[in-house]
Amino acid sequence: FRPLTLYLAGVLGRPLRLVIASTYDEQIAMITDGRAQLAYMGPTPYVRARERGRVEILAGEAEGGQAFYQSAIVVRANSPVQRVSDLKGRRMAFGAEISMSSSVAPKLMLVQAGVPLASLAGYRHLDRHERVALAVLHGDFDAGGLRLDIARTYLDRGLRILATSPPLPPHGIVAGPTLSAAARQQVRLALLHPDETGLAAMRALGEGISFVPVDDGHYDTVRRMLKRLEAAGA
């Protein structure tokens with residue numbers, strides 16, 4: 001993220017300091033209370049931040065031109081589990097509770113398959129995607145929730161993708177309440193129409209990464225997912 005930070009600093013004509021939040025809660029607090037002016041946020045943290053303060057999504061992240069990503073439920077390659085409904089009575093690992101791809105979406109996939117959390121033999125939130133993948137590989141859990149692209153990196157190590165979610169709204173760059181309207185527009189235009197420095201900064205984020213227009217309405221899907229999980233006690 002440092003190349004992107006330096007690029008946006010040049011656009012704004014002032015220094016920007018890169019801060020890595022240690023938790024989702026810290027990230028949400030920093031952007032809503034004005035300690036951070038910009039944040040790179042996943043869909044669930046963005047929705048929670050929007051509930052708490054005057055934040056605005058400026059642009060969504062796209063990969064290969066696709067402004068969405070997916071979640072996956074994974075099992076070991078030799079697992080007898082063949083369907084999500086087979087997970088009833090088994091152990092499940094999730095990432096951070098607020099993570100869309102490693103917690104929210106996998107939980108909803110379970111509920112839709114008739115597997116409420118209460119019907120599992122047990123579950124834990126392990127915070128990081130990598131910990132979820134390794135916990136399933138090591139046999140500590142029967143299945144886990146991961147971002148699909150991360151799940152694919154573990155297939156040759158012995159994981160199998162059991163199911164994938166529908167497309168999910170993208171991560172994006174979010175402005176906090178202390179960033180002026182003029183500065184927000186500068187950042188938005190810089191992300192959507194980058195110069196050579198901006199293109200290089202985006203390549204540093206990952207091959208094929210770009211930013212596309214999104215607005216708050218794109219995240220209504222997330223709000224509906226959260227409400228459905230709350231109704232299911234998950």
# chains A, B, ... in the order shown; residues from 1 in each chain; ligands from 1
>>> select_by_dssp(residues="segment 48-221 of chain A", states="helix (DSSP H, G or I)", output="tab-separated table (two decimals) with N, CA, C and O atoms, in the first residue's frame")
chain	number	residue	atom	x	y	z
A	48	ARG	N	-20.39	-1.21	8.61
A	48	ARG	CA	-20.39	-0.89	10.04
A	48	ARG	C	-19.89	0.53	10.29
A	48	ARG	O	-20.40	1.24	11.17
A	49	ALA	N	-18.88	0.95	9.53
A	49	ALA	CA	-18.38	2.32	9.67
A	49	ALA	C	-19.43	3.33	9.24
A	49	ALA	O	-19.61	4.38	9.87
A	50	ARG	N	-20.14	3.01	8.19
A	50	ARG	CA	-21.20	3.90	7.68
A	50	ARG	C	-22.30	4.07	8.72
A	50	ARG	O	-22.90	5.14	8.84
A	51	GLU	N	-22.57	3.01	9.48
A	51	GLU	CA	-23.58	3.10	10.54
A	51	GLU	C	-23.15	4.03	11.66
A	51	GLU	O	-23.99	4.63	12.32
A	52	ARG	N	-21.84	4.17	11.83
A	52	ARG	CA	-21.31	4.91	12.98
A	52	ARG	C	-20.89	6.34	12.65
A	52	ARG	O	-20.76	7.16	13.57
A	84	VAL	N	-22.49	-28.78	1.53
A	84	VAL	CA	-22.50	-27.93	2.71
A	84	VAL	C	-23.39	-28.52	3.79
A	84	VAL	O	-23.07	-28.46	4.98
A	85	SER	N	-24.49	-29.13	3.41
A	85	SER	CA	-25.39	-29.73	4.39
A	85	SER	C	-24.72	-30.85	5.18
A	85	SER	O	-25.15	-31.18	6.29
A	86	ASP	N	-23.65	-31.44	4.65
A	86	ASP	CA	-22.92	-32.50	5.35
A	86	ASP	C	-22.13	-31.97	6.55
A	86	ASP	O	-21.60	-32.76	7.34
A	87	LEU	N	-22.03	-30.65	6.68
A	87	LEU	CA	-21.25	-30.06	7.77
A	87	LEU	C	-22.00	-30.06	9.10
A	87	LEU	O	-21.42	-29.73	10.13
A	100	MET	N	-16.25	-10.28	5.69
A	100	MET	CA	-17.29	-10.76	4.77
A	100	MET	C	-16.95	-12.14	4.23
A	100	MET	O	-17.74	-13.08	4.28
A	101	SER	N	-15.74	-12.30	3.67
A	101	SER	CA	-15.43	-13.52	2.94
A	101	SER	C	-15.08	-14.71	3.83
A	101	SER	O	-15.26	-15.86	3.41
A	102	SER	N	-14.58	-14.46	5.05
A	102	SER	CA	-14.19	-15.59	5.88
A	102	SER	C	-15.14	-15.82	7.05
A	102	SER	O	-14.92	-16.75	7.84
A	103	SER	N	-16.20	-15.02	7.16
A	103	SER	CA	-17.14	-15.22	8.26
A	103	SER	C	-18.59	-14.99	7.84
A	103	SER	O	-19.41	-15.90	7.90
A	104	VAL	N	-18.91	-13.79	7.41
A	104	VAL	CA	-20.31	-13.45	7.13
A	104	VAL	C	-20.87	-14.31	6.00
A	104	VAL	O	-21.91	-14.98	6.16
A	105	ALA	N	-20.20	-14.32	4.85
A	105	ALA	CA	-20.71	-15.10	3.71
A	105	ALA	C	-20.73	-16.61	3.99
A	105	ALA	O	-21.72	-17.28	3.69
A	106	PRO	N	-19.66	-17.19	4.57
A	106	PRO	CA	-19.73	-18.63	4.88
A	106	PRO	C	-20.85	-18.99	5.85
A	106	PRO	O	-21.50	-20.03	5.70
A	107	LYS	N	-21.09	-18.15	6.84
A	107	LYS	CA	-22.18	-18.42	7.79
A	107	LYS	C	-23.53	-18.41	7.07
A	107	LYS	O	-24.39	-19.26	7.35
A	108	LEU	N	-23.71	-17.46	6.16
A	108	LEU	CA	-24.96	-17.41	5.43
A	108	LEU	C	-25.11	-18.63	4.52
A	108	LEU	O	-26.21	-19.17	4.37
A	109	MET	N	-24.02	-19.09	3.93
A	109	MET	CA	-24.06	-20.30	3.11
A	109	MET	C	-24.49	-21.50	3.95
A	109	MET	O	-25.25	-22.36	3.49
A	110	LEU	N	-24.01	-21.57	5.19
A	110	LEU	CA	-24.42	-22.65	6.09
A	110	LEU	C	-25.92	-22.57	6.38
A	110	LEU	O	-26.63	-23.57	6.29
A	111	VAL	N	-26.37	-21.37	6.74
A	111	VAL	CA	-27.78	-21.19	7.06
A	111	VAL	C	-28.66	-21.58	5.88
A	111	VAL	O	-29.68	-22.26	6.04
A	112	GLN	N	-28.26	-21.16	4.69
A	112	GLN	CA	-29.06	-21.46	3.50
A	112	GLN	C	-29.08	-22.96	3.18
A	112	GLN	O	-29.99	-23.45	2.53
A	117	LEU	N	-25.53	-22.35	13.02
A	117	LEU	CA	-24.33	-22.53	13.84
A	117	LEU	C	-24.57	-23.46	15.01
A	117	LEU	O	-23.67	-24.21	15.41
A	118	ALA	N	-25.79	-23.45	15.54
A	118	ALA	CA	-26.10	-24.31	16.69
A	118	ALA	C	-26.03	-25.79	16.34
A	118	ALA	O	-25.89	-26.64	17.23
A	119	SER	N	-26.10	-26.12	15.05
A	119	SER	CA	-26.06	-27.53	14.65
A	119	SER	C	-24.64	-28.02	14.40
A	119	SER	O	-24.43	-29.20	14.11
A	129	HIS	N	-7.22	-15.37	7.45
A	129	HIS	CA	-7.53	-16.39	6.45
A	129	HIS	C	-6.52	-17.53	6.49
A	129	HIS	O	-6.89	-18.70	6.39
A	130	GLU	N	-5.24	-17.16	6.61
A	130	GLU	CA	-4.20	-18.19	6.58
A	130	GLU	C	-4.34	-19.16	7.75
A	130	GLU	O	-4.09	-20.36	7.61
A	131	ARG	N	-4.72	-18.65	8.92
A	131	ARG	CA	-4.90	-19.52	10.08
A	131	ARG	C	-6.07	-20.48	9.85
A	131	ARG	O	-6.02	-21.63	10.26
A	132	VAL	N	-7.10	-19.98	9.19
A	132	VAL	CA	-8.25	-20.85	8.87
A	132	VAL	C	-7.80	-21.97	7.94
A	132	VAL	O	-8.08	-23.16	8.18
A	133	ALA	N	-7.09	-21.63	6.88
A	133	ALA	CA	-6.63	-22.63	5.91
A	133	ALA	C	-5.76	-23.69	6.58
A	133	ALA	O	-5.95	-24.90	6.39
A	134	LEU	N	-4.82	-23.24	7.40
A	134	LEU	CA	-3.91	-24.19	8.04
A	134	LEU	C	-4.62	-25.04	9.08
A	134	LEU	O	-4.31	-26.23	9.24
A	135	ALA	N	-5.59	-24.46	9.79
A	135	ALA	CA	-6.34	-25.22	10.80
A	135	ALA	C	-7.13	-26.35	10.15
A	135	ALA	O	-7.24	-27.45	10.71
A	136	VAL	N	-7.68	-26.09	8.96
A	136	VAL	CA	-8.41	-27.14	8.24
A	136	VAL	C	-7.42	-28.19	7.71
A	136	VAL	O	-7.65	-29.40	7.85
A	137	LEU	N	-6.31	-27.74	7.16
A	137	LEU	CA	-5.31	-28.68	6.65
A	137	LEU	C	-4.77	-29.59	7.75
A	137	LEU	O	-4.54	-30.78	7.52
A	148	LEU	N	-12.17	-16.64	-1.79
A	148	LEU	CA	-11.97	-17.65	-2.82
A	148	LEU	C	-10.55	-17.62	-3.39
A	148	LEU	O	-9.93	-18.67	-3.58
A	149	ASP	N	-10.02	-16.42	-3.67
A	149	ASP	CA	-8.69	-16.38	-4.26
A	149	ASP	C	-7.63	-16.91	-3.30
A	149	ASP	O	-6.64	-17.52	-3.72
A	150	ILE	N	-7.83	-16.72	-1.99
A	150	ILE	CA	-6.90	-17.28	-1.01
A	150	ILE	C	-7.07	-18.79	-0.93
A	150	ILE	O	-6.09	-19.54	-0.87
A	151	ALA	N	-8.31	-19.26	-0.97
A	151	ALA	CA	-8.55	-20.71	-0.94
A	151	ALA	C	-7.83	-21.39	-2.10
A	151	ALA	O	-7.25	-22.48	-1.93
A	152	ARG	N	-7.83	-20.78	-3.25
A	152	ARG	CA	-7.20	-21.40	-4.43
A	152	ARG	C	-5.70	-21.59	-4.24
A	152	ARG	O	-5.10	-22.51	-4.80
A	153	THR	N	-5.07	-20.71	-3.45
A	153	THR	CA	-3.62	-20.84	-3.25
A	153	THR	C	-3.28	-22.04	-2.37
A	153	THR	O	-2.11	-22.43	-2.30
A	155	LEU	N	-4.97	-25.07	-2.67
A	155	LEU	CA	-5.47	-26.31	-3.28
A	155	LEU	C	-4.37	-27.34	-3.46
A	155	LEU	O	-4.57	-28.54	-3.23
A	156	ASP	N	-3.18	-26.88	-3.86
A	156	ASP	CA	-2.09	-27.85	-4.08
A	156	ASP	C	-1.47	-28.31	-2.77
A	156	ASP	O	-0.61	-29.20	-2.78
A	157	ARG	N	-1.91	-27.75	-1.65
A	157	ARG	CA	-1.42	-28.19	-0.35
A	157	ARG	C	-2.42	-29.12	0.34
A	157	ARG	O	-2.16	-29.59	1.44
A	181	ALA	N	-14.69	17.78	0.94
A	181	ALA	CA	-15.36	17.35	-0.29
A	181	ALA	C	-14.43	17.50	-1.50
A	181	ALA	O	-14.42	16.65	-2.39
A	182	ALA	N	-13.65	18.57	-1.52
A	182	ALA	CA	-12.73	18.78	-2.64
A	182	ALA	C	-11.66	17.70	-2.68
A	182	ALA	O	-11.32	17.17	-3.74
A	183	ALA	N	-11.12	17.35	-1.51
A	183	ALA	CA	-10.10	16.32	-1.44
A	183	ALA	C	-10.69	14.96	-1.81
A	183	ALA	O	-10.03	14.14	-2.46
A	184	ARG	N	-11.91	14.71	-1.41
A	184	ARG	CA	-12.57	13.45	-1.77
A	184	ARG	C	-12.67	13.31	-3.29
A	184	ARG	O	-12.41	12.25	-3.85
A	185	GLN	N	-13.04	14.39	-3.93
A	185	GLN	CA	-13.17	14.36	-5.39
A	185	GLN	C	-11.80	14.15	-6.04
A	185	GLN	O	-11.69	13.43	-7.04
A	186	GLN	N	-10.76	14.77	-5.49
A	186	GLN	CA	-9.41	14.58	-6.03
A	186	GLN	C	-9.00	13.11	-5.95
A	186	GLN	O	-8.46	12.55	-6.90
A	187	VAL	N	-9.25	12.50	-4.80
A	187	VAL	CA	-8.87	11.10	-4.61
A	187	VAL	C	-9.70	10.20	-5.52
A	187	VAL	O	-9.17	9.27	-6.15
A	188	ARG	N	-11.00	10.48	-5.61
A	188	ARG	CA	-11.87	9.66	-6.47
A	188	ARG	C	-11.38	9.68	-7.92
A	188	ARG	O	-11.24	8.63	-8.56
A	189	LEU	N	-11.11	10.86	-8.43
A	189	LEU	CA	-10.65	10.98	-9.82
A	189	LEU	C	-9.29	10.32	-10.01
A	189	LEU	O	-9.03	9.69	-11.05
A	190	ALA	N	-8.42	10.43	-9.00
A	190	ALA	CA	-7.09	9.84	-9.10
A	190	ALA	C	-7.17	8.32	-9.14
A	190	ALA	O	-6.37	7.66	-9.80
A	191	LEU	N	-8.15	7.75	-8.43
A	191	LEU	CA	-8.32	6.29	-8.42
A	191	LEU	C	-8.97	5.79	-9.71
A	191	LEU	O	-8.58	4.75	-10.25
A	192	LEU	N	-9.94	6.54	-10.19
A	192	LEU	CA	-10.68	6.10	-11.37
A	192	LEU	C	-9.95	6.40	-12.67
A	192	LEU	O	-10.14	5.70	-13.68
A	196	GLU	N	0.46	7.44	-14.82
A	196	GLU	CA	1.42	6.33	-14.81
A	196	GLU	C	1.85	5.97	-13.38
A	196	GLU	O	2.03	4.79	-13.06
A	197	THR	N	2.00	6.97	-12.53
A	197	THR	CA	2.36	6.70	-11.14
A	197	THR	C	1.24	5.93	-10.45
A	197	THR	O	1.48	4.98	-9.69
A	198	GLY	N	0.01	6.33	-10.74
A	198	GLY	CA	-1.13	5.64	-10.15
A	198	GLY	C	-1.26	4.21	-10.64
A	198	GLY	O	-1.56	3.30	-9.86
A	199	LEU	N	-1.03	4.00	-11.92
A	199	LEU	CA	-1.09	2.65	-12.47
A	199	LEU	C	-0.04	1.75	-11.84
A	199	LEU	O	-0.29	0.58	-11.53
A	200	ALA	N	1.16	2.30	-11.63
A	200	ALA	CA	2.22	1.52	-10.97
A	200	ALA	C	1.84	1.20	-9.53
A	200	ALA	O	2.11	0.10	-9.03
A	201	ALA	N	1.20	2.16	-8.85
A	201	ALA	CA	0.76	1.93	-7.47
A	201	ALA	C	-0.27	0.81	-7.41
A	201	ALA	O	-0.28	0.00	-6.48
A	202	MET	N	-1.15	0.76	-8.38
A	202	MET	CA	-2.18	-0.28	-8.41
A	202	MET	C	-1.59	-1.64	-8.74
A	202	MET	O	-2.03	-2.67	-8.22
A	203	ARG	N	-0.56	-1.65	-9.58
A	203	ARG	CA	0.11	-2.92	-9.87
A	203	ARG	C	0.77	-3.47	-8.62
A	203	ARG	O	0.88	-4.69	-8.45
A	204	ALA	N	1.21	-2.57	-7.74
A	204	ALA	CA	1.81	-3.02	-6.47
A	204	ALA	C	0.78	-3.70	-5.59
A	204	ALA	O	1.12	-4.57	-4.78
A	205	LEU	N	-0.49	-3.34	-5.73
A	205	LEU	CA	-1.55	-4.00	-4.97
A	205	LEU	C	-1.80	-5.40	-5.49
A	205	LEU	O	-2.25	-6.28	-4.73
A	216	ASP	N	-22.80	3.88	-2.19
A	216	ASP	CA	-23.28	3.18	-1.00
A	216	ASP	C	-24.33	2.12	-1.34
A	216	ASP	O	-24.41	1.09	-0.66
A	217	GLY	N	-25.11	2.35	-2.38
A	217	GLY	CA	-26.15	1.40	-2.75
A	217	GLY	C	-25.61	0.03	-3.14
A	217	GLY	O	-26.33	-0.98	-3.02
A	218	HIS	N	-24.36	-0.02	-3.58
A	218	HIS	CA	-23.76	-1.31	-3.93
A	218	HIS	C	-23.66	-2.23	-2.72
A	218	HIS	O	-23.51	-3.46	-2.88
A	219	TYR	N	-23.72	-1.67	-1.52
A	219	TYR	CA	-23.50	-2.45	-0.30
A	219	TYR	C	-24.81	-2.80	0.42
A	219	TYR	O	-24.77	-3.34	1.53
A	220	ASP	N	-25.94	-2.54	-0.24
A	220	ASP	CA	-27.22	-2.96	0.34
A	220	ASP	C	-27.30	-4.48	0.45
A	220	ASP	O	-27.94	-5.01	1.36
A	221	THR	N	-26.63	-5.17	-0.47
A	221	THR	CA	-26.57	-6.64	-0.39
A	221	THR	C	-25.95	-7.07	0.93
A	221	THR	O	-26.42	-8.02	1.58
>>> closest_residue(among="A:Glu230, A:Glu26, A:Glu56, A:Asp142", to="Val174 of chain A", atoms="only C-alpha atoms")
A:Glu56
>>> select_by_dssp(residues="segment 1-210 of chain A", states="strand (DSSP E or B)", output="PyMOL selection string")
chain A and resi 38-41+56-63+66+69+71-76+91-94+122-125+143-147+159-164+168+172-175+209-210
>>> residues_around(residues="Ile28 of chain A", least_positions_apart="2", cutoff="10 Å", atoms="only C-alpha atoms", output="NGL selection string")
:A and (21 or 23-26 or 30-33 or 36 or 39 or 41 or 45-50 or 52-53 or 176)
>>> closest_residue(among="A:Gly10, A:Pro116, A:Gly139, A:Gly145", to="Leu162 of chain A", atoms="only C-alpha atoms")
A:Gly145
>>> closest_residue(among="A:Ala72, A:Ile173, A:Ala163, A:Ile209", to="Leu8 of chain A", atoms="only C-alpha atoms")
A:Ile173
>>> atom_distance(atom1="atom CA of Gly65 of chain A", atom2="atom CA of Met225 of chain A")
24.6 Å
>>> atom_distance(atom1="atom CA of Val222 of chain A", atom2="atom CA of Thr44 of chain A")
6.7 Å
>>> closest_residue(among="A:Arg160, A:Arg124, A:Arg2, A:Arg224", to="Gly95 of chain A", atoms="only C-alpha atoms")
A:Arg124
>>> closest_residue(among="A:Leu16, A:Leu58, A:Leu126, A:Ala77", to="Gly158 of chain A", atoms="only C-alpha atoms")
A:Ala77
>>> residues_around(residues="Ala175 of chain A", least_positions_apart="2", cutoff="6 Å", atoms="only C-alpha atoms", output="ChimeraX atom specification")
/A:37-38,55-56
